[in-house]
file final34.cif (mmCIF, C-alpha atoms)
data_protein
#
loop_
_atom_site.label_atom_id
_atom_site.label_comp_id
_atom_site.auth_asym_id
_atom_site.auth_seq_id
_atom_site.Cartn_x
_atom_site.Cartn_y
_atom_site.Cartn_z
CA MET A 21 -44.34 56.62 -2.92
CA ASN A 22 -44.94 52.87 -2.84
CA LYS A 23 -43.98 50.64 0.08
CA PHE A 24 -40.64 49.58 -1.47
CA SER A 25 -39.11 52.94 -2.34
CA LYS A 26 -39.67 54.77 0.95
CA PRO A 27 -37.74 52.34 3.21
CA PHE A 28 -35.22 51.55 0.46
CA PHE A 29 -33.99 55.14 0.28
CA GLN A 30 -33.74 55.72 4.03
CA THR A 31 -30.00 55.37 3.35
CA LYS A 32 -28.19 56.16 0.11
CA LYS A 33 -28.22 53.22 -2.28
CA ILE A 34 -25.95 51.93 -5.05
CA ILE A 35 -27.70 50.09 -7.90
CA GLY A 36 -25.43 47.99 -10.13
CA MET A 37 -26.31 47.52 -13.80
CA ILE A 38 -26.44 44.14 -15.50
CA HIS A 39 -26.43 44.81 -19.24
CA VAL A 40 -27.68 41.45 -20.48
CA PRO A 41 -26.24 40.13 -23.78
CA ALA A 42 -28.30 40.74 -26.93
CA LEU A 43 -31.65 38.99 -26.75
CA PRO A 44 -33.36 36.74 -29.32
CA GLY A 45 -34.52 38.46 -32.50
CA THR A 46 -32.08 41.39 -32.24
CA PRO A 47 -29.23 41.96 -34.74
CA LYS A 48 -26.41 41.24 -32.24
CA HIS A 49 -27.98 38.15 -30.68
CA GLU A 50 -25.47 35.28 -30.43
CA LYS A 51 -25.73 33.51 -27.07
CA SER A 52 -28.31 30.97 -25.99
CA ILE A 53 -30.84 31.96 -23.38
CA SER A 54 -29.16 29.71 -20.82
CA GLU A 55 -25.81 31.42 -21.50
CA ILE A 56 -27.41 34.85 -21.13
CA ILE A 57 -28.98 33.80 -17.82
CA ASP A 58 -25.67 32.44 -16.53
CA ILE A 59 -23.88 35.72 -17.31
CA ALA A 60 -26.57 37.80 -15.61
CA VAL A 61 -26.59 35.60 -12.50
CA GLN A 62 -22.79 35.63 -12.20
CA GLU A 63 -22.68 39.44 -12.47
CA GLY A 64 -25.46 39.68 -9.88
CA LYS A 65 -23.45 37.48 -7.53
CA ILE A 66 -20.38 39.70 -7.94
CA TYR A 67 -22.46 42.72 -7.00
CA GLN A 68 -23.93 40.95 -3.98
CA GLU A 69 -20.53 39.77 -2.76
CA CYS A 70 -19.16 43.31 -3.05
CA GLY A 71 -21.96 44.88 -1.03
CA ILE A 72 -24.04 46.54 -3.77
CA ASP A 73 -27.55 47.45 -2.57
CA ALA A 74 -29.58 46.42 -5.64
CA VAL A 75 -29.18 45.32 -9.26
CA MET A 76 -30.98 46.32 -12.43
CA LEU A 77 -31.30 44.37 -15.67
CA GLU A 78 -31.28 46.21 -18.99
CA ASN A 79 -31.28 45.01 -22.62
CA MET A 80 -28.72 47.60 -23.71
CA HIS A 81 -27.09 45.27 -26.27
CA ASP A 82 -30.36 45.08 -28.26
CA VAL A 83 -29.37 47.86 -30.67
CA PRO A 84 -31.01 49.38 -32.61
CA TYR A 85 -33.82 49.81 -30.10
CA LEU A 86 -37.53 49.77 -30.86
CA ASN A 87 -39.70 52.65 -29.69
CA ARG A 88 -41.98 51.49 -26.86
CA GLU A 89 -43.14 48.26 -28.51
CA VAL A 90 -40.83 45.26 -28.17
CA GLY A 91 -41.68 41.70 -29.13
CA PRO A 92 -42.93 38.95 -26.83
CA GLU A 93 -39.55 37.24 -27.22
CA ILE A 94 -37.90 40.16 -25.42
CA VAL A 95 -40.44 40.24 -22.59
CA ALA A 96 -40.29 36.46 -22.14
CA THR A 97 -36.49 36.37 -22.09
CA MET A 98 -36.16 39.30 -19.69
CA THR A 99 -38.66 37.59 -17.39
CA ALA A 100 -36.66 34.36 -17.48
CA ILE A 101 -33.41 36.20 -16.77
CA ALA A 102 -34.89 38.23 -13.93
CA SER A 103 -36.46 35.13 -12.36
CA GLU A 104 -33.10 33.38 -12.20
CA VAL A 105 -31.33 36.46 -10.87
CA LYS A 106 -33.96 36.75 -8.14
CA ARG A 107 -33.57 33.04 -7.33
CA ASN A 108 -29.78 33.23 -7.04
CA VAL A 109 -29.05 36.77 -5.85
CA ASN A 110 -30.42 38.08 -2.57
CA LEU A 111 -30.79 41.70 -3.62
CA PRO A 112 -33.64 43.93 -4.79
CA CYS A 113 -33.83 43.73 -8.57
CA GLY A 114 -35.14 46.12 -11.18
CA ILE A 115 -35.79 45.96 -14.92
CA GLN A 116 -35.54 48.43 -17.77
CA ILE A 117 -36.51 47.42 -21.30
CA LEU A 118 -35.29 49.72 -24.05
CA ALA A 119 -36.53 51.83 -25.46
CA GLY A 120 -39.31 53.07 -23.26
CA ALA A 121 -41.02 49.67 -23.12
CA ASN A 122 -42.23 50.47 -19.64
CA GLN A 123 -45.32 48.28 -19.53
CA ALA A 124 -43.27 45.34 -20.78
CA ALA A 125 -40.69 45.97 -18.05
CA LEU A 126 -43.41 46.20 -15.40
CA ALA A 127 -45.01 42.95 -16.57
CA ALA A 128 -41.65 41.16 -16.52
CA ALA A 129 -40.85 42.57 -13.08
CA TYR A 130 -44.21 41.47 -11.73
CA ALA A 131 -43.86 37.94 -13.09
CA ALA A 132 -40.28 37.59 -11.82
CA GLY A 133 -40.90 39.05 -8.38
CA CYS A 134 -38.74 42.15 -8.87
CA GLU A 135 -39.00 45.30 -6.80
CA PHE A 136 -38.73 48.17 -9.29
CA VAL A 137 -38.56 49.29 -12.91
CA ARG A 138 -36.86 52.21 -14.63
CA ALA A 139 -39.23 54.06 -16.95
CA GLU A 140 -38.21 56.57 -19.60
CA GLY A 141 -40.67 58.94 -21.27
CA PHE A 142 -42.89 59.08 -18.19
CA VAL A 143 -43.82 62.76 -18.45
CA PHE A 144 -43.56 65.17 -21.40
CA SER A 145 -42.68 64.26 -24.98
CA HIS A 146 -39.13 64.26 -26.32
CA ILE A 147 -37.18 63.18 -29.37
CA ALA A 148 -35.15 60.10 -28.53
CA ASP A 149 -32.68 58.13 -30.67
CA GLU A 150 -35.65 55.99 -31.64
CA GLY A 151 -37.89 58.91 -32.65
CA LEU A 152 -40.71 60.78 -30.96
CA MET A 153 -41.51 59.38 -27.52
CA ASN A 154 -44.70 60.65 -25.94
CA SER A 155 -45.32 60.46 -22.21
CA ASP A 156 -46.92 57.28 -20.89
CA ALA A 157 -47.54 57.95 -17.19
CA GLY A 158 -51.31 57.53 -17.45
CA GLU A 159 -51.16 54.22 -19.32
CA LEU A 160 -48.29 52.86 -17.22
CA MET A 161 -49.73 53.57 -13.80
CA ARG A 162 -53.15 52.27 -14.82
CA PHE A 163 -51.45 49.12 -16.08
CA ARG A 164 -49.64 48.77 -12.76
CA SER A 165 -52.97 48.90 -10.92
CA LYS A 166 -54.64 46.59 -13.43
CA ILE A 167 -52.15 43.75 -12.91
CA GLY A 168 -51.90 44.26 -9.15
CA ALA A 169 -48.28 45.42 -9.22
CA ASP A 170 -48.60 48.44 -6.92
CA ASN A 171 -45.78 47.02 -4.78
CA ILE A 172 -43.34 47.54 -7.68
CA ALA A 173 -41.69 50.97 -7.63
CA VAL A 174 -41.56 53.01 -10.84
CA PHE A 175 -38.41 55.15 -11.00
CA THR A 176 -38.70 57.65 -13.82
CA ASP A 177 -36.15 59.48 -15.97
CA ILE A 178 -36.67 63.19 -16.48
CA LYS A 179 -35.02 65.01 -19.38
CA LYS A 180 -33.29 61.72 -20.11
CA LYS A 181 -30.00 61.12 -21.87
CA HIS A 182 -29.67 60.39 -25.61
CA SER A 183 -32.57 62.73 -26.34
CA SER A 184 -33.42 66.17 -27.64
CA HIS A 185 -35.67 68.24 -25.40
CA THR A 186 -36.19 71.20 -27.70
CA ILE A 187 -39.95 70.75 -27.72
CA THR A 188 -39.97 71.21 -23.94
CA GLY A 189 -37.28 73.87 -23.94
CA ASP A 190 -39.51 76.23 -21.97
CA LEU A 191 -39.72 73.73 -19.10
CA SER A 192 -37.15 73.44 -16.33
CA ILE A 193 -35.91 70.39 -14.45
CA SER A 194 -38.17 71.45 -11.58
CA ASP A 195 -41.17 71.43 -13.94
CA PHE A 196 -40.33 67.86 -14.94
CA ALA A 197 -39.80 66.80 -11.32
CA LYS A 198 -43.09 68.29 -10.16
CA ALA A 199 -44.97 66.64 -13.03
CA ALA A 200 -43.40 63.26 -12.31
CA GLU A 201 -44.38 63.48 -8.65
CA PHE A 202 -47.91 64.59 -9.54
CA PHE A 203 -48.22 61.60 -11.87
CA LEU A 204 -47.20 59.21 -9.04
CA SER A 205 -43.55 58.49 -9.80
CA ASP A 206 -41.75 56.70 -6.95
CA GLY A 207 -38.40 58.38 -7.62
CA ILE A 208 -36.83 60.50 -10.33
CA ILE A 209 -33.67 59.73 -12.29
CA ILE A 210 -31.39 62.48 -13.56
CA THR A 211 -28.62 61.78 -16.09
CA GLY A 212 -25.98 63.48 -18.16
CA LYS A 213 -26.44 63.86 -21.91
CA SER A 214 -25.35 60.30 -22.71
CA THR A 215 -24.22 57.02 -21.14
CA ALA A 216 -21.26 57.58 -18.76
CA ASP A 217 -21.76 61.38 -18.76
CA ALA A 218 -22.23 62.86 -15.31
CA ALA A 219 -25.32 64.79 -14.28
CA GLU A 220 -25.19 68.51 -13.59
CA LEU A 221 -25.16 69.42 -9.91
CA SER A 222 -27.46 72.34 -10.66
CA ASP A 223 -30.06 69.94 -12.10
CA LEU A 224 -29.88 67.73 -9.01
CA ASP A 225 -30.26 70.63 -6.62
CA GLU A 226 -33.12 72.16 -8.60
CA ALA A 227 -34.98 68.84 -8.60
CA ARG A 228 -34.36 68.43 -4.87
CA ASN A 229 -35.99 71.78 -4.21
CA ALA A 230 -38.98 70.89 -6.40
CA THR A 231 -39.95 67.44 -5.14
CA SER A 232 -39.96 65.22 -2.07
CA LEU A 233 -39.26 62.14 -4.20
CA PRO A 234 -35.94 60.28 -4.01
CA ILE A 235 -33.36 61.69 -6.44
CA ILE A 236 -31.35 59.07 -8.32
CA ILE A 237 -28.33 59.79 -10.50
CA GLY A 238 -28.54 57.59 -13.58
CA SER A 239 -25.22 58.04 -15.38
CA GLY A 240 -21.59 59.05 -15.03
CA ILE A 241 -20.90 58.04 -11.42
CA THR A 242 -17.37 56.76 -10.70
CA ALA A 243 -15.26 56.02 -7.63
CA GLU A 244 -13.43 59.25 -8.37
CA ASN A 245 -16.46 61.56 -8.49
CA LEU A 246 -18.81 59.84 -6.03
CA ARG A 247 -17.67 62.16 -3.24
CA HIS A 248 -18.62 65.14 -5.41
CA TYR A 249 -22.20 63.87 -5.82
CA TRP A 250 -22.78 62.09 -2.50
CA GLN A 251 -24.80 64.82 -0.79
CA HIS A 252 -26.87 65.60 -3.88
CA ALA A 253 -28.74 62.29 -4.40
CA ASP A 254 -30.43 59.40 -2.62
CA GLY A 255 -29.40 56.70 -5.08
CA PHE A 256 -26.75 56.05 -7.71
CA ILE A 257 -27.20 53.78 -10.73
CA VAL A 258 -23.74 52.62 -11.81
CA GLY A 259 -23.02 50.73 -15.01
CA SER A 260 -20.02 51.76 -17.07
CA TYR A 261 -17.65 52.25 -14.14
CA PHE A 262 -18.21 48.70 -12.91
CA LYS A 263 -17.26 47.16 -16.25
CA GLN A 264 -13.81 46.19 -17.53
CA GLU A 265 -11.95 49.31 -18.72
CA GLY A 266 -14.98 51.37 -17.65
CA LYS A 267 -16.87 50.45 -20.85
CA TRP A 268 -20.53 49.48 -20.50
CA PHE A 269 -20.34 46.72 -23.13
CA TYR A 270 -17.69 44.72 -21.22
CA PRO A 271 -18.35 42.30 -18.31
CA VAL A 272 -18.48 43.43 -14.68
CA ALA A 273 -14.97 43.72 -13.17
CA ARG A 274 -14.92 42.72 -9.50
CA GLU A 275 -11.91 44.88 -8.68
CA ARG A 276 -13.65 48.01 -9.99
CA VAL A 277 -16.76 47.26 -7.93
CA ILE A 278 -14.59 46.79 -4.81
CA ARG A 279 -12.76 50.06 -5.47
CA PHE A 280 -16.06 51.91 -5.81
CA MET A 281 -17.60 50.35 -2.72
CA ASN A 282 -14.54 51.18 -0.63
CA GLU A 283 -15.07 54.82 -1.53
CA LYS A 284 -18.79 54.55 -0.82
CA ASN A 285 -18.14 53.03 2.60
CA LYS A 286 -15.83 55.90 3.52
CA LEU A 287 -18.56 58.38 2.63
CA ARG A 288 -21.30 56.46 4.39
CA SER A 289 -19.27 56.20 7.61
#
call {"tool": "encode", "arguments": {"input": "final34.cif", "output": "structure tokens"}}
result
Amino acid sequence: MNKFSKPFFQTKKIIGMIHVPALPGTPKHEKSISEIIDIAVQEGKIYQECGIDAVMLENMHDVPYLNREVGPEIVATMTAIASEVKRNVNLPCGIQILAGANQAALAAAYAAGCEFVRAEGFVFSHIADEGLMNSDAGELMRFRSKIGADNIAVFTDIKKKHSSHTITGDLSISDFAKAAEFFLSDGIIITGKSTADAAELSDLDEARNATSLPIIIGSGITAENLRHYWQHADGFIVGSYFKQEGKWFYPVARERVIRFMNEKNKLRS
């Protein structure tokens, strides 16, 4: 585990998602870069004011996603957004670039001074929405060393959402968790089958028994079910619940963040 992740997860953490508006060159792109930055910074400030522990930027509006290779315009824009969020929001910040553009995310995080990235397709191949995605742990961790970014944590999805895992059907969650730890992951992320779907408790417990890494739930957490999952994970990535009407594609709703954090504070105390 790198020097960020170990102290960070000494207490359970809530990571709030900032789904940045569609970036330049993508079909749904409409807003200027300055407008996109302003939206991301304002959502980051809401999270900070409500007591969230960290934020993560993701280009989820960039549909349809490319498989691993995104253009320099995406990397440059995500770097610019992350830099301004870091300048204006006093929270740890992470980056995920869809789909599976893990080296691009790590480069942007390094340039912007971020603390972590979320990496999909780290171990074992799977069929994602975007097609076949082979594992990239070897290339990614060598790249991290090459650019001197060992201080940036790499949190890795296992058996990730929006994917078919038939080709690894003979492997269990514990097999994935052990492989991720062996390949130097700094924490593993477990999700439901799709965005806003909750993870299975059995998957969380099996992973906990297989690895000493932090366990992070990456989808489906709400104020209503947080109590159900509280003892089963070290971190919780929350996106959809924090948005207006609980829909990921809407802006962050302060009152929903407050409601969630009130529940979290009860559990933490």
call {"tool": "resolve_selection", "arguments": {"input": "final34.cif", "expression": "the PyMOL selection byres ((chain A and resi 154-170) around 8)", "output": "PyMOL selection string"}}
result
chain A and resi 22+122-123+126+130+141-146+152-153+171-173+203-204
call {"tool": "closest_residue", "arguments": {"input": "final34.cif", "among": "A:Pro27, A:Gly114, A:Gly240, A:Gly71", "to": "A:Glu135", "atoms": "all atoms listed in the file"}}
result
A:Gly114
call {"tool": "resolve_selection", "arguments": {"input": "final34.cif", "expression": "the PyMOL selection byres ((chain A and resi 93) around 12)", "output": "PyMOL selection string"}}
result
chain A and resi 42-46+53+89-92+94-100+124+128
call {"tool": "residues_near_point", "arguments": {"input": "final34.cif", "point": "(-31.9, 59.8, -10.3)", "cutoff": "6 Å", "atoms": "all atoms listed in the file", "output": "ChimeraX atom specification"}}
result
/A:208-210,235-238
call {"tool": "residues_around", "arguments": {"input": "final34.cif", "residues": "A:Pro234", "least_positions_apart": "3", "cutoff": "8 Å", "atoms": "all atoms listed in the file", "output": "count of residues only"}}
result
7
call {"tool": "resolve_selection", "arguments": {"input": "final34.cif", "expression": "the PyMOL selection byres ((chain A and resi 277-282) around 10)", "output": "tab-separated table (two decimals) with C-alpha atoms, in the coordinates of the input"}}
result
chain	number	residue	atom	x	y	z
A	34	ILE	CA	-25.95	51.93	-5.05
A	36	GLY	CA	-25.43	47.99	-10.13
A	66	ILE	CA	-20.38	39.70	-7.94
A	67	TYR	CA	-22.46	42.72	-7.00
A	69	GLU	CA	-20.53	39.77	-2.76
A	70	CYS	CA	-19.16	43.31	-3.05
A	71	GLY	CA	-21.96	44.88	-1.03
A	72	ILE	CA	-24.04	46.54	-3.77
A	241	ILE	CA	-20.90	58.04	-11.42
A	242	THR	CA	-17.37	56.76	-10.70
A	243	ALA	CA	-15.26	56.02	-7.63
A	244	GLU	CA	-13.43	59.25	-8.37
A	246	LEU	CA	-18.81	59.84	-6.03
A	258	VAL	CA	-23.74	52.62	-11.81
A	261	TYR	CA	-17.65	52.25	-14.14
A	262	PHE	CA	-18.21	48.70	-12.91
A	263	LYS	CA	-17.26	47.16	-16.25
A	272	VAL	CA	-18.48	43.43	-14.68
A	273	ALA	CA	-14.97	43.72	-13.17
A	274	ARG	CA	-14.92	42.72	-9.50
A	275	GLU	CA	-11.91	44.88	-8.68
A	276	ARG	CA	-13.65	48.01	-9.99
A	283	GLU	CA	-15.07	54.82	-1.53
A	284	LYS	CA	-18.79	54.55	-0.82
A	285	ASN	CA	-18.14	53.03	2.60
A	286	LYS	CA	-15.83	55.90	3.52
A	287	LEU	CA	-18.56	58.38	2.63
A	288	ARG	CA	-21.30	56.46	4.39
call {"tool": "axis_aligned_box", "arguments": {"input": "final34.cif", "around": "stretch 144-157 of chain A", "padding_each_side": "3 Å", "output": "lines of an AutoDock Vina configuration file"}}
result
center_x = -40.1
center_y = 60.6
center_z = -24.9
size_x = 20.9
size_y = 15.2
size_z = 21.5
call {"tool": "residues_around", "arguments": {"input": "final34.cif", "residues": "A:Pro112", "least_positions_apart": "5", "cutoff": "7 Å", "atoms": "all atoms listed in the file", "output": "JSON, numbers by chain"}}
result
{"A": [74, 75, 134, 135]}
call {"tool": "atom_distance", "arguments": {"input": "final34.cif", "atom1": "atom CA of A:Lys106", "atom2": "atom CA of A:Ala139"}}
result
20.1 Å
call {"tool": "atom_distance", "arguments": {"input": "final34.cif", "atom1": "atom CA of A:Arg247", "atom2": "atom CA of A:Gln62"}}
result
28.5 Å
call {"tool": "closest_residue", "arguments": {"input": "final34.cif", "among": "A:Ala60, A:Glu226, A:Leu233, A:Glu265", "to": "A:Lys26", "atoms": "all atoms listed in the file"}}
result
A:Leu233
call {"tool": "atom_distance", "arguments": {"input": "final34.cif", "atom1": "atom CA of A:Gly133", "atom2": "atom CA of A:Gly120"}}
result
20.5 Å
call {"tool": "closest_residue", "arguments": {"input": "final34.cif", "among": "A:Ser103, A:Ser232, A:Gln264, A:Asn87", "to": "A:Lys198", "atoms": "all atoms listed in the file"}}
result
A:Ser232
call {"tool": "closest_residue", "arguments": {"input": "final34.cif", "among": "A:Thr215, A:Ser184, A:Asn110, A:Ser239", "to": "A:Phe269", "atoms": "only C-alpha atoms"}}
result
A:Thr215
call {"tool": "closest_residue", "arguments": {"input": "final34.cif", "among": "A:Pro41, A:Gln251, A:Ala227, A:Phe136", "to": "A:Lys23", "atoms": "only C-alpha atoms"}}
result
A:Phe136
call {"tool": "closest_residue", "arguments": {"input": "final34.cif", "among": "A:Ala230, A:Ala197, A:Leu86, A:Val40", "to": "A:Ala119", "atoms": "all atoms listed in the file"}}
result
A:Leu86
call {"tool": "build_atoms", "arguments": {"input": "final34.cif", "residues": "stretch 23-41 of chain A", "atoms": "N, CA and C atoms", "output": "mmCIF file, keeping the file's coordinate frame"}}
result
data_model
loop_
_atom_site.group_PDB
_atom_site.id
_atom_site.type_symbol
_atom_site.label_atom_id
_atom_site.label_comp_id
_atom_site.auth_asym_id
_atom_site.auth_seq_id
_atom_site.Cartn_x
_atom_site.Cartn_y
_atom_site.Cartn_z
ATOM 1 N N LYS A 23 -44.535 51.151 -1.175
ATOM 2 C CA LYS A 23 -43.980 50.640 0.080
ATOM 3 C C LYS A 23 -42.543 50.144 -0.062
ATOM 4 N N PHE A 24 -42.046 49.954 -1.305
ATOM 5 C CA PHE A 24 -40.640 49.580 -1.470
ATOM 6 C C PHE A 24 -39.731 50.788 -1.403
ATOM 7 N N SER A 25 -40.050 51.843 -2.150
ATOM 8 C CA SER A 25 -39.110 52.940 -2.340
ATOM 9 C C SER A 25 -38.856 53.742 -1.071
ATOM 10 N N LYS A 26 -39.867 53.941 -0.237
ATOM 11 C CA LYS A 26 -39.670 54.770 0.950
ATOM 12 C C LYS A 26 -38.649 54.170 1.910
ATOM 13 N N PRO A 27 -38.780 52.904 2.330
ATOM 14 C CA PRO A 27 -37.740 52.340 3.210
ATOM 15 C C PRO A 27 -36.406 52.118 2.494
ATOM 16 N N PHE A 28 -36.455 51.825 1.206
ATOM 17 C CA PHE A 28 -35.220 51.550 0.460
ATOM 18 C C PHE A 28 -34.289 52.749 0.500
ATOM 19 N N PHE A 29 -34.816 53.947 0.367
ATOM 20 C CA PHE A 29 -33.990 55.140 0.280
ATOM 21 C C PHE A 29 -33.807 55.847 1.628
ATOM 22 N N GLN A 30 -34.053 55.127 2.729
ATOM 23 C CA GLN A 30 -33.740 55.720 4.030
ATOM 24 C C GLN A 30 -32.235 55.928 4.180
ATOM 25 N N THR A 31 -31.442 55.131 3.496
ATOM 26 C CA THR A 31 -30.000 55.370 3.350
ATOM 27 C C THR A 31 -29.674 55.402 1.876
ATOM 28 N N LYS A 32 -28.566 56.033 1.517
ATOM 29 C CA LYS A 32 -28.190 56.160 0.110
ATOM 30 C C LYS A 32 -27.875 54.783 -0.466
ATOM 31 N N LYS A 33 -28.326 54.542 -1.688
ATOM 32 C CA LYS A 33 -28.220 53.220 -2.280
ATOM 33 C C LYS A 33 -27.420 53.243 -3.586
ATOM 34 N N ILE A 34 -26.686 52.149 -3.803
ATOM 35 C CA ILE A 34 -25.950 51.930 -5.050
ATOM 36 C C ILE A 34 -26.642 50.801 -5.809
ATOM 37 N N ILE A 35 -27.018 51.079 -7.048
ATOM 38 C CA ILE A 35 -27.700 50.090 -7.900
ATOM 39 C C ILE A 35 -26.739 49.728 -9.031
ATOM 40 N N GLY A 36 -26.370 48.455 -9.122
ATOM 41 C CA GLY A 36 -25.430 47.990 -10.130
ATOM 42 C C GLY A 36 -26.143 47.478 -11.373
ATOM 43 N N MET A 37 -25.678 47.911 -12.536
ATOM 44 C CA MET A 37 -26.310 47.520 -13.800
ATOM 45 C C MET A 37 -25.794 46.170 -14.305
ATOM 46 N N ILE A 38 -26.746 45.359 -14.758
ATOM 47 C CA ILE A 38 -26.440 44.140 -15.500
ATOM 48 C C ILE A 38 -26.959 44.352 -16.915
ATOM 49 N N HIS A 39 -26.053 44.618 -17.838
ATOM 50 C CA HIS A 39 -26.430 44.810 -19.240
ATOM 51 C C HIS A 39 -26.433 43.435 -19.906
ATOM 52 N N VAL A 40 -27.598 42.824 -20.002
ATOM 53 C CA VAL A 40 -27.680 41.450 -20.480
ATOM 54 C C VAL A 40 -27.253 41.376 -21.955
ATOM 55 N N PRO A 41 -26.601 40.279 -22.366
ATOM 56 C CA PRO A 41 -26.240 40.130 -23.780
ATOM 57 C C PRO A 41 -27.464 40.230 -24.686
#
